[in-house]
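S.K.: Sharing query_19.txt (compact mmCIF, C-alpha atoms) below.
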# COMPACT_ATOMS: atom_id res chain seq x y z
CA MET A 12 21.42 -4.40 21.26
CA THR A 13 18.23 -3.85 23.24
CA ALA A 14 15.06 -5.90 23.27
CA ARG A 15 12.17 -6.89 25.53
CA VAL A 16 12.73 -10.30 27.17
CA LEU A 17 10.01 -12.23 29.00
CA VAL A 18 11.50 -14.42 31.75
CA VAL A 19 9.20 -17.20 33.00
CA ASP A 20 10.06 -19.37 36.02
CA ASP A 21 8.12 -20.45 39.10
CA ILE A 22 11.18 -19.99 41.35
CA LEU A 23 11.69 -16.34 42.29
CA ALA A 24 15.47 -16.68 42.75
CA ASN A 25 15.85 -17.97 39.18
CA VAL A 26 13.74 -15.09 37.84
CA ARG A 27 15.75 -12.49 39.73
CA LEU A 28 19.08 -13.97 38.61
CA LEU A 29 18.15 -13.93 34.91
CA GLU A 30 16.57 -10.51 35.29
CA ALA A 31 19.78 -9.09 36.76
CA LYS A 32 21.99 -10.64 34.09
CA LEU A 33 19.83 -9.38 31.22
CA ALA A 34 19.31 -5.92 32.69
CA ALA A 35 23.09 -5.54 33.01
CA GLU A 36 23.25 -6.01 29.21
CA TYR A 37 20.53 -3.32 28.77
CA PHE A 38 17.67 -5.66 27.91
CA GLU A 39 14.18 -4.69 29.06
CA VAL A 40 12.94 -7.54 31.23
CA VAL A 41 9.34 -8.62 31.88
CA THR A 42 8.67 -11.51 34.29
CA ALA A 43 6.02 -14.13 34.97
CA MET A 44 5.88 -16.82 37.63
CA ASN A 45 3.58 -19.39 35.99
CA GLY A 46 2.29 -20.52 32.62
CA ALA A 47 -1.02 -18.65 32.70
CA ASP A 48 0.69 -15.35 33.57
CA ALA A 49 3.27 -16.01 30.87
CA LEU A 50 0.59 -16.38 28.18
CA GLU A 51 -1.09 -13.18 29.37
CA ALA A 52 2.25 -11.33 29.39
CA VAL A 53 2.99 -12.45 25.84
CA GLN A 54 -0.30 -10.97 24.65
CA ARG A 55 0.06 -7.79 26.69
CA THR A 56 3.76 -6.92 26.25
CA ARG A 57 4.62 -8.62 22.91
CA PRO A 58 8.20 -9.51 23.94
CA ASP A 59 11.01 -9.93 21.45
CA ILE A 60 12.01 -13.25 23.04
CA VAL A 61 10.77 -15.59 25.79
CA LEU A 62 13.02 -17.44 28.26
CA LEU A 63 10.72 -20.21 29.43
CA ASP A 64 11.26 -22.69 32.27
CA VAL A 65 10.09 -26.20 31.43
CA MET A 66 9.11 -27.52 34.87
CA MET A 67 6.25 -25.41 36.25
CA PRO A 68 3.05 -26.33 38.13
CA GLY A 69 -0.20 -26.01 36.24
CA ILE A 70 0.58 -25.18 32.63
CA ASP A 71 4.14 -26.36 32.09
CA GLY A 72 6.67 -24.72 29.78
CA ILE A 73 6.11 -27.19 26.95
CA GLU A 74 2.40 -26.35 26.79
CA VAL A 75 3.07 -22.60 27.09
CA CYS A 76 5.49 -22.85 24.15
CA ARG A 77 2.98 -24.86 22.14
CA ARG A 78 0.30 -22.20 22.68
CA ILE A 79 2.65 -19.31 21.81
CA LYS A 80 3.68 -21.04 18.61
CA GLY A 81 0.12 -22.06 17.79
CA ASN A 82 -1.16 -18.48 17.85
CA PRO A 83 -0.65 -16.66 14.52
CA ALA A 84 -0.23 -13.38 16.40
CA THR A 85 2.69 -14.67 18.50
CA GLN A 86 4.15 -17.61 16.55
CA HIS A 87 7.08 -15.53 15.29
CA ILE A 88 8.32 -14.72 18.84
CA PRO A 89 11.44 -16.82 19.60
CA VAL A 90 11.19 -19.13 22.61
CA ILE A 91 14.20 -20.48 24.52
CA MET A 92 13.40 -23.36 26.85
CA VAL A 93 15.36 -23.24 30.09
CA THR A 94 15.52 -26.57 31.92
CA ALA A 95 17.35 -28.32 34.72
CA LEU A 96 16.80 -31.55 32.84
CA ASP A 97 19.58 -32.56 30.48
CA GLN A 98 17.93 -35.53 28.85
CA PRO A 99 17.76 -35.64 25.02
CA GLU A 100 14.05 -36.50 25.08
CA ASP A 101 13.30 -33.27 26.97
CA ARG A 102 15.02 -31.23 24.29
CA VAL A 103 13.12 -33.09 21.59
CA ARG A 104 9.79 -32.40 23.36
CA GLY A 105 10.60 -28.71 23.51
CA LEU A 106 11.57 -28.51 19.88
CA GLU A 107 8.48 -30.45 18.83
CA ALA A 108 6.43 -27.82 20.69
CA GLY A 109 8.06 -25.17 18.51
CA ALA A 110 10.91 -23.98 20.76
CA ASP A 111 13.65 -22.15 18.92
CA ASP A 112 16.45 -23.07 21.31
CA PHE A 113 17.16 -24.40 24.79
CA LEU A 114 19.52 -23.75 27.69
CA THR A 115 20.41 -26.04 30.57
CA LYS A 116 20.51 -24.87 34.20
CA PRO A 117 22.70 -23.53 35.65
CA VAL A 118 22.68 -21.18 32.69
CA ASN A 119 26.12 -20.30 31.34
CA ASP A 120 26.45 -16.55 30.70
CA VAL A 121 28.17 -16.95 27.33
CA ALA A 122 25.50 -19.37 26.13
CA LEU A 123 22.70 -17.15 27.49
CA PHE A 124 23.78 -13.97 25.73
CA CYS A 125 24.81 -15.73 22.53
CA ARG A 126 21.44 -17.46 22.22
CA VAL A 127 19.41 -14.39 23.18
CA LYS A 128 21.29 -11.96 20.93
CA GLY A 129 21.26 -14.34 18.01
CA LEU A 130 17.51 -14.91 18.21
CA VAL A 131 16.74 -11.23 18.78
CA ARG A 132 18.78 -10.36 15.69
CA LEU A 133 16.83 -12.94 13.71
CA LYS A 134 13.50 -11.65 15.02
CA MET A 135 14.38 -8.10 13.97
CA LEU A 136 14.99 -9.35 10.44
CA THR A 137 11.77 -11.36 10.49
CA ASP A 138 9.77 -8.42 11.84
CA GLU A 139 11.04 -6.23 9.03
CA LEU A 140 10.07 -8.80 6.41
CA ARG A 141 6.67 -9.39 8.04
CA ALA A 142 6.02 -5.65 8.13
CA ARG A 143 6.55 -5.49 4.38
CA THR A 144 4.25 -8.41 3.68
CA GLY A 145 1.58 -7.85 6.34
CA ALA A 146 0.94 -9.90 9.46
CA ASP A 147 1.16 -13.66 8.92
CA PRO A 148 1.37 -13.37 5.12
CA LEU A 149 2.16 -17.03 4.62
CA GLY A 150 -0.23 -18.60 7.09
CA LEU A 151 2.52 -20.89 8.35
CA ALA A 152 1.73 -22.46 11.69
CA SER A 153 4.67 -21.90 14.04
CA GLY A 154 6.59 -20.42 11.14
CA GLU A 155 7.20 -24.02 10.06
CA PRO A 156 7.59 -24.73 6.33
CA ALA A 157 7.24 -28.54 6.62
CA VAL A 158 10.85 -29.24 7.58
CA ASP A 159 10.05 -32.82 8.59
CA GLY A 160 8.77 -33.61 5.11
CA ALA A 161 11.73 -32.17 3.27
CA PRO A 162 15.30 -33.22 4.09
CA GLY A 163 17.68 -30.36 4.71
CA ARG A 164 20.52 -29.65 2.29
CA ILE A 165 23.60 -29.31 4.47
CA LEU A 166 27.17 -28.41 3.53
CA VAL A 167 29.80 -29.61 6.05
CA LEU A 168 33.25 -28.01 5.87
CA ASP A 169 35.80 -30.03 7.85
CA ASN A 170 39.20 -31.38 6.78
CA ARG A 171 39.61 -33.63 9.80
CA VAL A 172 38.41 -36.91 8.33
CA ALA A 173 37.14 -38.83 11.36
CA PRO A 174 35.06 -35.99 12.95
CA ALA A 175 33.71 -34.99 9.55
CA GLU A 176 32.59 -38.52 8.77
CA ARG A 177 30.90 -38.77 12.18
CA ILE A 178 28.92 -35.57 11.54
CA ARG A 179 27.88 -36.83 8.12
CA ASN A 180 26.82 -40.21 9.51
CA LEU A 181 24.76 -38.55 12.26
CA LEU A 182 22.94 -36.27 9.79
CA THR A 183 22.57 -38.50 6.73
CA PRO A 184 19.47 -40.46 7.84
CA LYS A 185 17.46 -37.21 7.96
CA HIS A 186 19.29 -34.83 5.62
CA GLU A 187 21.24 -34.55 2.37
CA VAL A 188 24.85 -33.90 3.36
CA THR A 189 27.69 -32.62 1.17
CA LEU A 190 31.13 -32.93 2.81
CA VAL A 191 34.03 -30.77 1.61
CA VAL A 192 37.56 -30.61 3.03
CA ASP A 193 38.88 -27.60 1.12
CA PRO A 194 37.41 -24.13 1.88
CA GLN A 195 37.46 -23.24 -1.83
CA GLN A 196 35.36 -26.32 -2.50
CA ALA A 197 32.67 -24.88 -0.24
CA PHE A 198 32.09 -21.93 -2.59
CA GLU A 199 32.28 -24.20 -5.64
CA ALA A 200 29.76 -26.59 -4.08
CA PHE A 201 27.39 -23.67 -3.49
CA GLY A 202 27.65 -22.65 -7.12
CA ALA A 203 26.99 -26.19 -8.29
CA ALA A 204 24.11 -26.94 -5.90
CA GLN A 205 20.69 -26.42 -7.43
CA GLY A 206 18.87 -24.12 -5.02
CA GLY A 207 21.84 -23.82 -2.68
CA PHE A 208 22.00 -25.19 0.87
CA ASP A 209 19.83 -24.76 3.96
CA LEU A 210 22.77 -24.83 6.40
CA ILE A 211 26.56 -24.69 6.49
CA ILE A 212 28.43 -26.48 9.29
CA VAL A 213 32.01 -25.27 9.79
CA ASN A 214 34.63 -26.78 12.06
CA LEU A 215 36.55 -23.82 13.52
CA ASP A 216 39.60 -26.04 14.09
CA LEU A 217 40.40 -26.71 10.44
CA GLU A 218 43.89 -27.98 9.74
CA GLY A 219 45.93 -25.36 7.85
CA ALA A 220 43.02 -22.89 7.55
CA ASP A 221 41.38 -20.17 9.63
CA GLY A 222 37.81 -21.21 10.37
CA LEU A 223 36.82 -17.70 11.47
CA ARG A 224 38.08 -16.19 8.22
CA ILE A 225 36.08 -18.73 6.24
CA CYS A 226 32.93 -17.85 8.19
CA SER A 227 33.61 -14.17 7.47
CA GLN A 228 33.98 -14.90 3.76
CA LEU A 229 30.76 -16.94 3.72
CA LYS A 230 28.90 -14.02 5.32
CA SER A 231 30.36 -11.49 2.87
CA VAL A 232 29.57 -13.32 -0.39
CA GLU A 233 26.14 -12.72 -1.92
CA THR A 234 25.43 -16.40 -2.69
CA THR A 235 26.05 -17.56 0.88
CA ARG A 236 25.26 -14.47 2.97
CA GLN A 237 21.74 -15.51 3.93
CA THR A 238 22.58 -19.17 4.59
CA PRO A 239 22.82 -19.99 8.32
CA ILE A 240 26.18 -21.15 9.67
CA LEU A 241 26.60 -23.54 12.60
CA ILE A 242 30.14 -23.82 13.99
CA LEU A 243 31.82 -26.58 15.98
CA VAL A 244 34.05 -25.29 18.80
CA ASP A 245 36.01 -26.55 21.80
CA PRO A 246 34.58 -25.87 25.29
CA GLU A 247 37.32 -23.40 26.28
CA ASP A 248 37.33 -21.47 22.99
CA HIS A 249 35.11 -18.61 24.25
CA GLN A 250 36.99 -15.82 22.48
CA ARG A 251 36.68 -17.26 18.98
CA LEU A 252 33.08 -18.26 19.68
CA LEU A 253 32.13 -14.69 20.56
CA ARG A 254 33.95 -13.31 17.51
CA ALA A 255 32.13 -15.80 15.29
CA LEU A 256 28.73 -14.82 16.67
CA ASP A 257 29.57 -11.11 16.29
CA MET A 258 30.28 -11.62 12.58
CA GLY A 259 26.89 -13.25 12.06
CA VAL A 260 27.38 -16.97 12.69
CA ASN A 261 23.95 -18.30 13.65
CA ASP A 262 24.60 -21.12 16.10
CA TYR A 263 27.28 -23.31 17.65
CA LEU A 264 27.89 -26.73 19.15
CA ILE A 265 30.43 -27.46 21.87
CA ARG A 266 32.54 -30.62 21.59
CA PRO A 267 32.01 -33.44 22.28
CA ILE A 268 29.03 -33.32 19.93
CA ASP A 269 25.81 -34.75 21.32
CA ARG A 270 23.78 -36.46 18.60
CA GLN A 271 20.38 -35.24 19.82
CA GLU A 272 21.58 -31.67 20.23
CA LEU A 273 23.16 -31.73 16.77
CA LEU A 274 19.92 -32.94 15.16
CA ALA A 275 17.83 -30.46 17.18
CA ARG A 276 19.96 -27.42 16.31
CA VAL A 277 20.22 -28.42 12.66
CA ALA A 278 16.43 -28.82 12.41
CA THR A 279 15.89 -25.44 14.08
CA GLN A 280 18.30 -23.62 11.77
CA ILE A 281 16.76 -25.20 8.68
CA ARG A 282 13.25 -24.28 9.83
CA ARG A 283 14.25 -20.66 10.46
CA HIS A 284 16.10 -20.41 7.15
CA ARG A 285 13.19 -21.72 5.12
CA TYR A 286 10.74 -19.47 6.93
CA THR A 287 12.80 -16.31 6.33
CA GLU A 288 13.44 -17.33 2.72
CA GLN A 289 9.70 -17.67 2.13
CA LEU A 290 9.21 -14.25 3.71
CA ARG A 291 11.85 -12.81 1.37
CA LEU A 292 10.16 -14.40 -1.63
CA THR A 293 6.83 -12.93 -0.53
CA VAL A 294 8.41 -9.47 -0.17
CA ARG A 295 10.02 -9.79 -3.60
CA ALA A 296 6.72 -10.90 -5.15
CA SER A 297 4.92 -7.97 -3.50
CA MET A 298 7.50 -5.54 -4.84
CA GLU A 299 7.16 -7.01 -8.33
CA MET A 300 3.38 -6.75 -8.15
CA ALA A 301 3.71 -3.08 -7.23
CA VAL A 302 5.74 -2.23 -10.34
CA THR A 303 4.55 -4.72 -12.97
CA ASP A 304 1.39 -5.16 -14.98
CA ALA A 305 -0.30 -8.36 -13.80
CA LEU A 306 -1.58 -9.37 -17.25
CA THR A 307 1.52 -8.89 -19.40
CA GLY A 308 4.42 -8.93 -16.95
CA LEU A 309 5.71 -5.62 -18.34
CA TYR A 310 6.31 -2.66 -16.05
CA ASN A 311 3.26 -0.56 -15.17
CA ARG A 312 2.56 3.17 -15.50
CA ARG A 313 3.62 3.96 -11.94
CA TYR A 314 7.03 2.42 -12.50
CA LEU A 315 7.38 4.15 -15.87
CA GLU A 316 6.74 7.58 -14.40
CA THR A 317 9.24 7.03 -11.58
CA GLN A 318 11.99 5.56 -13.74
CA LEU A 319 11.54 7.82 -16.76
CA SER A 320 12.15 10.96 -14.72
CA GLN A 321 15.37 9.43 -13.37
CA LEU A 322 16.50 8.30 -16.83
CA ILE A 323 15.89 11.77 -18.25
CA GLU A 324 17.89 13.32 -15.43
CA GLN A 325 20.76 10.88 -15.94
CA SER A 326 20.78 11.45 -19.70
CA VAL A 327 20.90 15.24 -19.25
CA ASP A 328 23.66 15.03 -16.64
CA ARG A 329 25.81 12.75 -18.82
CA GLY A 330 25.04 14.40 -22.13
CA LYS A 331 23.44 11.23 -23.49
CA VAL A 332 20.49 10.76 -25.83
CA LEU A 333 17.21 9.10 -24.87
CA SER A 334 14.09 8.22 -26.86
CA LEU A 335 10.77 6.56 -26.25
CA LEU A 336 8.04 4.84 -28.24
CA THR A 337 4.32 4.90 -27.59
CA LEU A 338 2.42 1.98 -29.11
CA ASP A 339 -1.29 1.38 -29.59
CA ILE A 340 -2.85 -1.82 -30.97
CA ASP A 341 -4.95 -1.02 -34.03
CA PHE A 342 -8.70 -1.68 -33.79
CA PHE A 343 -8.29 -3.43 -30.46
CA LYS A 344 -11.88 -2.69 -29.38
CA SER A 345 -13.16 -4.81 -32.24
CA VAL A 346 -11.02 -7.73 -30.99
CA ASN A 347 -12.77 -7.61 -27.61
CA ASP A 348 -16.19 -7.06 -29.18
CA THR A 349 -15.83 -9.89 -31.72
CA TYR A 350 -13.80 -12.52 -29.90
CA GLY A 351 -14.34 -11.66 -26.22
CA HIS A 352 -12.14 -10.24 -23.49
CA ASP A 353 -10.26 -13.50 -22.93
CA ALA A 354 -9.08 -13.37 -26.52
CA GLY A 355 -8.22 -9.69 -26.05
CA ASP A 356 -6.11 -10.58 -23.04
CA ARG A 357 -4.23 -13.21 -25.05
CA VAL A 358 -3.52 -10.61 -27.72
CA LEU A 359 -2.17 -8.18 -25.12
CA GLN A 360 0.06 -10.87 -23.64
CA GLU A 361 1.40 -11.86 -27.07
CA VAL A 362 2.02 -8.23 -28.05
CA ALA A 363 3.95 -7.77 -24.79
CA GLY A 364 6.03 -10.84 -25.58
CA ARG A 365 6.86 -9.57 -29.07
CA ILE A 366 7.81 -6.15 -27.70
CA ARG A 367 10.04 -7.79 -25.09
CA GLY A 368 11.72 -9.88 -27.79
CA SER A 369 12.46 -6.80 -29.90
CA VAL A 370 14.23 -4.58 -27.35
CA ARG A 371 17.40 -4.67 -25.23
CA ASN A 372 17.61 -5.59 -21.57
CA VAL A 373 18.39 -1.96 -20.71
CA ASP A 374 15.21 -0.73 -22.42
CA LEU A 375 12.11 -0.15 -20.34
CA ALA A 376 8.97 -1.82 -21.76
CA CYS A 377 5.70 -0.85 -20.04
CA ARG A 378 1.98 -1.35 -20.44
CA THR A 379 0.40 1.96 -19.48
CA GLY A 380 -3.26 0.91 -19.77
CA GLY A 381 -5.71 -0.85 -22.09
CA GLU A 382 -3.95 -1.54 -25.39
CA GLU A 383 -1.31 1.16 -24.87
CA PHE A 384 2.39 0.50 -24.37
CA VAL A 385 5.50 2.64 -23.88
CA VAL A 386 9.12 1.63 -24.49
CA VAL A 387 11.93 3.82 -23.15
CA LEU A 388 15.23 3.55 -25.05
CA PRO A 389 18.22 4.96 -23.09
CA GLY A 390 21.15 5.91 -25.31
CA ALA A 391 19.08 5.82 -28.53
CA ASP A 392 18.60 8.87 -30.73
CA LEU A 393 15.53 9.44 -32.93
CA PRO A 394 16.72 7.51 -36.03
CA ILE A 395 17.70 4.48 -33.93
CA ALA A 396 14.41 4.66 -32.02
CA GLU A 397 12.53 4.66 -35.36
CA LYS A 398 14.38 1.48 -36.35
CA VAL A 399 13.48 -0.15 -33.04
CA GLY A 400 9.87 0.92 -33.52
CA GLU A 401 9.87 -0.58 -37.01
CA ARG A 402 11.29 -3.83 -35.64
CA ILE A 403 8.50 -4.00 -33.07
CA ARG A 404 5.85 -3.14 -35.67
CA LYS A 405 7.05 -5.93 -37.98
CA ALA A 406 7.23 -8.43 -35.10
CA ILE A 407 3.59 -7.76 -34.28
CA ALA A 408 2.27 -7.76 -37.85
CA ALA A 409 4.34 -10.58 -39.31
CA LYS A 410 2.76 -13.55 -37.58
CA PRO A 411 -0.99 -14.09 -36.90
CA PHE A 412 -2.11 -14.34 -33.28
CA LEU A 413 -3.56 -17.65 -32.11
CA LEU A 414 -6.86 -17.03 -30.29
CA GLY A 415 -7.91 -20.65 -29.91
CA PRO A 416 -7.98 -23.98 -31.78
CA GLY A 417 -8.14 -23.08 -35.47
CA SER A 418 -8.71 -19.39 -34.75
CA HIS A 419 -6.11 -16.88 -35.91
CA LEU A 420 -6.11 -13.11 -36.11
CA THR A 421 -3.78 -10.64 -37.77
CA VAL A 422 -2.92 -7.78 -35.44
CA THR A 423 -1.11 -4.53 -36.23
CA ALA A 424 0.08 -1.60 -34.14
CA SER A 425 0.79 2.09 -34.61
CA LEU A 426 3.80 3.75 -32.96
CA GLY A 427 4.93 7.27 -32.19
CA VAL A 428 8.56 8.14 -31.47
CA SER A 429 10.06 11.08 -29.57
CA SER A 430 13.52 11.94 -28.29
CA LEU A 431 14.95 14.12 -25.56
CA ALA A 432 15.12 17.59 -27.09
CA SER A 433 16.67 19.71 -24.33
CA ALA A 434 17.74 19.75 -20.70
CA GLN A 435 14.36 21.31 -19.89
CA ASP A 436 12.38 18.34 -21.19
CA ALA A 437 10.13 16.72 -18.60
CA VAL A 438 8.40 13.34 -18.63
CA GLU A 439 5.16 14.95 -19.82
CA ASP A 440 6.92 16.70 -22.73
CA LEU A 441 8.48 13.48 -24.03
CA LEU A 442 5.23 11.53 -23.73
CA LYS A 443 3.11 14.27 -25.33
CA ARG A 444 5.34 14.48 -28.38
CA ALA A 445 5.30 10.70 -28.79
CA ASP A 446 1.49 10.65 -28.38
CA ARG A 447 1.05 13.33 -31.05
CA ALA A 448 3.22 11.26 -33.39
CA LEU A 449 1.11 8.19 -32.54
CA TYR A 450 -2.11 10.04 -33.43
CA ARG A 451 -0.54 10.97 -36.78
CA ALA A 452 0.26 7.31 -37.39
CA LYS A 453 -3.41 6.50 -36.72
CA ARG A 454 -4.65 9.24 -39.04
CA GLU A 455 -2.27 8.25 -41.81
CA GLY A 456 -3.51 4.67 -41.99
CA ARG A 457 -2.21 2.80 -38.93
CA ASN A 458 0.38 -0.01 -38.86
CA ARG A 459 3.25 2.46 -39.12
CA VAL A 460 5.93 4.24 -37.12
CA VAL A 461 5.87 8.05 -37.08
CA PRO A 462 8.57 10.25 -35.49
CA ALA A 463 7.65 13.37 -33.53
CA ALA A 464 8.02 16.66 -35.36
CA ALA A 465 11.20 18.57 -34.51
Let me see the structure of the file written as structure tokens.

M.R.:
Amino acid sequence: MTARVLVVDDILANVRLLEAKLAAEYFEVVTAMNGADALEAVQRTRPDIVLLDVMMPGIDGIEVCRRIKGNPATQHIPVIMVTALDQPEDRVRGLEAGADDFLTKPVNDVALFCRVKGLVRLKMLTDELRARTGADPLGLASGEPAVDGAPGRILVLDNRVAPAERIRNLLTPKHEVTLVVDPQQAFEAFGAAQGGFDLIIVNLDLEGADGLRICSQLKSVETTRQTPILILVDPEDHQRLLRALDMGVNDYLIRPIDRQELLARVATQIRRHRYTEQLRLTVRASMEMAVTDALTGLYNRRYLETQLSQLIEQSVDRGKVLSLLTLDIDFFKSVNDTYGHDAGDRVLQEVAGRIRGSVRNVDLACRTGGEEFVVVLPGADLPIAEKVGERIRKAIAAKPFLLGPGSHLTVTASLGVSSLASAQDAVEDLLKRADRALYRAKREGRNRVVPAAA
């Protein structure tokens, strides 16, 4: 793993020591000797992570962190506070300023590389999500989705009763804690929890179970893969700690557990998880907007053209049949002219709903523009497609459309049907034949389904 690390400390020996350690692990290192230079270096070099000393003359590390996290252009850069002070209140001050983690001097090599690599890995994921959504798509100051106002949902897996109860008692005033003693219960609890959990805490020293294997299973299952894991380990258990972090465990606590550090790390993990989840939701919404029609929720023309060509190719390769319907609402212009465009939009939405209720999940229902719709029917030959078209036609005509209080309108639709005729058929061929059949349906009186000529 390589990344650009900004090391900030007013003592040259400390800077050189961290620089040497990080360079030996192939990190690119940038340095600054005071707070003002650090802020300038952040803007100029855009590091992947900042190692920031707390005690500095002038602008101290707390204020530097606060300014980094308060700037929308840099708020997503992870900051690790490095301090010679080991008082809980100092850690709390750093975390309140937006710090993502902290290390105590003299810095332990295992802790240094674990924290740096873990945060760099997270930043790479965040950068990818941000790139898909655009810079600062959520407008979240410090990437903070109001963690303080919403208790975290935490699952604790530990079958040693006394330590487990202590963890629960420490967390319960601020968070909702579910304690399980059986590893299988952890997966069952996830399935039962509405909305899942924000964090999983696993004791590596479970009695009669392999804590590392459980972490591996949690990271390999779809429902728990994205949920952060914090492990509890003994001070001398470096080998299992490194293996856990390599498999994707997000953070760790060394026994004996310090209450302030537990609360700080839990809050940090929950904040990161909620931020990345909101980014994922934004990406998913953007993807849906790119392929769906905003008014009706059906797929749009762009998606139809992409998917139809693939469906045709698959049908030809597998020797399967495929058909499609083109649908046009009869006299739709008069609906807009008489009742207004808002009423026309309600008609389009209701037609889309009735189409959706008349087809299978595997069928592809699209609005291609105006009052025109296309439904692709994989695995359906022409006679079956005609029956589906008739079902849609009846669903639209059978029940009047409600336009407003006391205002109803009967709406009908005309449909053309075509099927895959040969291996040489292209998207345009299938659509043209269905459109010609649709025009025939219009000429012959509307409110009918007409198959394409052989």

S.K.: Quick one: 6 Å padding each side, axis-aligned, all listed atoms of segment 65-75 of chain A - centre and edge lengths in Å to one decimal, as lines of an AutoDock Vina configuration file?

M.R.:
center_x = 4.9
center_y = -25.1
center_z = 32.5
size_x = 22.3
size_y = 16.9
size_z = 23.3

S.K.: Give the answer as one residue: which of A:Lys344, A:Leu274, A:Leu253, A:Gln289 has the shortest atom-to-atom distance to Asn180 of chain A, using all atoms listed in the file?

M.R.: A:Leu274

S.K.: Go ahead and compute the interatomic distance for atom CA of Leu63 of chain A and atom CA of Cys76 of chain A, in Å to one decimal.

M.R.: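 That distance, rounded to one decimal, is 7.9 Å.
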
S.K.: Which residue is closest to Arg224 of chain A? Choose from A:Arg444, A:Ala255, A:Leu375, A:His284 and count all atoms listed in the file.

M.R.: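 Using all atoms listed in the file, Arg224 of chain A sits closest to A:Ala255.
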
S.K.: What is the distance, in Å and to one decimal place, between atom CA of Glu176 of chain A and atom CA of His249 of chain A?

M.R.: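 Atom-to-atom, atom CA of Glu176 of chain A and atom CA of His249 of chain A are spaced 25.3 Å apart.
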
S.K.: My list of candidates is A:Val362, A:Val386, A:Ile60, A:Leu338. Which is closest to Lys134 of chain A when distances are computed with all atoms listed in the file?

M.R.: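 Answer, going by the shortest atom-to-atom distance: A:Ile60.
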
S.K.: So what do you get for atom CA of Leu241 of chain A versus atom CA of Arg276 of chain A, distance-wise?

M.R.: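 Computed distance, atom CA of Leu241 of chain A to atom CA of Arg276 of chain A, equals 8.5 Å.
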
S.K.: Between A:His352, A:Lys410, A:Lys453, A:Arg179, which one has atoms that come closest to Asp339 of chain A, using only C-alpha atoms?

M.R.: A:Lys453

S.K.: Which one is closest to Met67 of chain A: A:Ile91, A:Glu455, A:Asp20, A:Leu28? Count only C-alpha atoms.

M.R.: A:Asp20

S.K.: Write out as a count of residues only the residues lying within 7 Å of Cys377 of chain A, counting all atoms listed in the file and excluding same-chain residues fewer than 4 positions away.

M.R.: 8

S.K.: If we count only C-alpha atoms and set the cut-off at 8 Å, which residues sit around Asp392 of chain A, ignoring sequence neighbours fewer than 6 positions away in its own chain? Please answer as JSON, numbers by chain.

M.R.: {"A": [332, 333, 334, 430]}

S.K.: Set out as a Markdown table a contact list for segment 314-370 of chain A and segment 293-304 of chain A with a cut-off of 12 Å, giving each residue of segment 314-370 of chain A that qualifies its closest atom pair and distance in Å to one decimal, counting only C-alpha atoms, ordered by chain and rising residue number.

M.R.:
| residue | atom | partner | partner_atom | distance |
| --- | --- | --- | --- | --- |
| A:Tyr314 | CA | A:Val302 | CA | 5.3 |
| A:Leu315 | CA | A:Val302 | CA | 8.6 |
| A:Glu316 | CA | A:Val302 | CA | 10.7 |
| A:Thr317 | CA | A:Val302 | CA | 10.0 |
| A:Gln318 | CA | A:Val302 | CA | 10.6 |
| A:Leu359 | CA | A:Asp304 | CA | 11.2 |
| A:Gln360 | CA | A:Asp304 | CA | 10.5 |
| A:Ala363 | CA | A:Asp304 | CA | 10.5 |
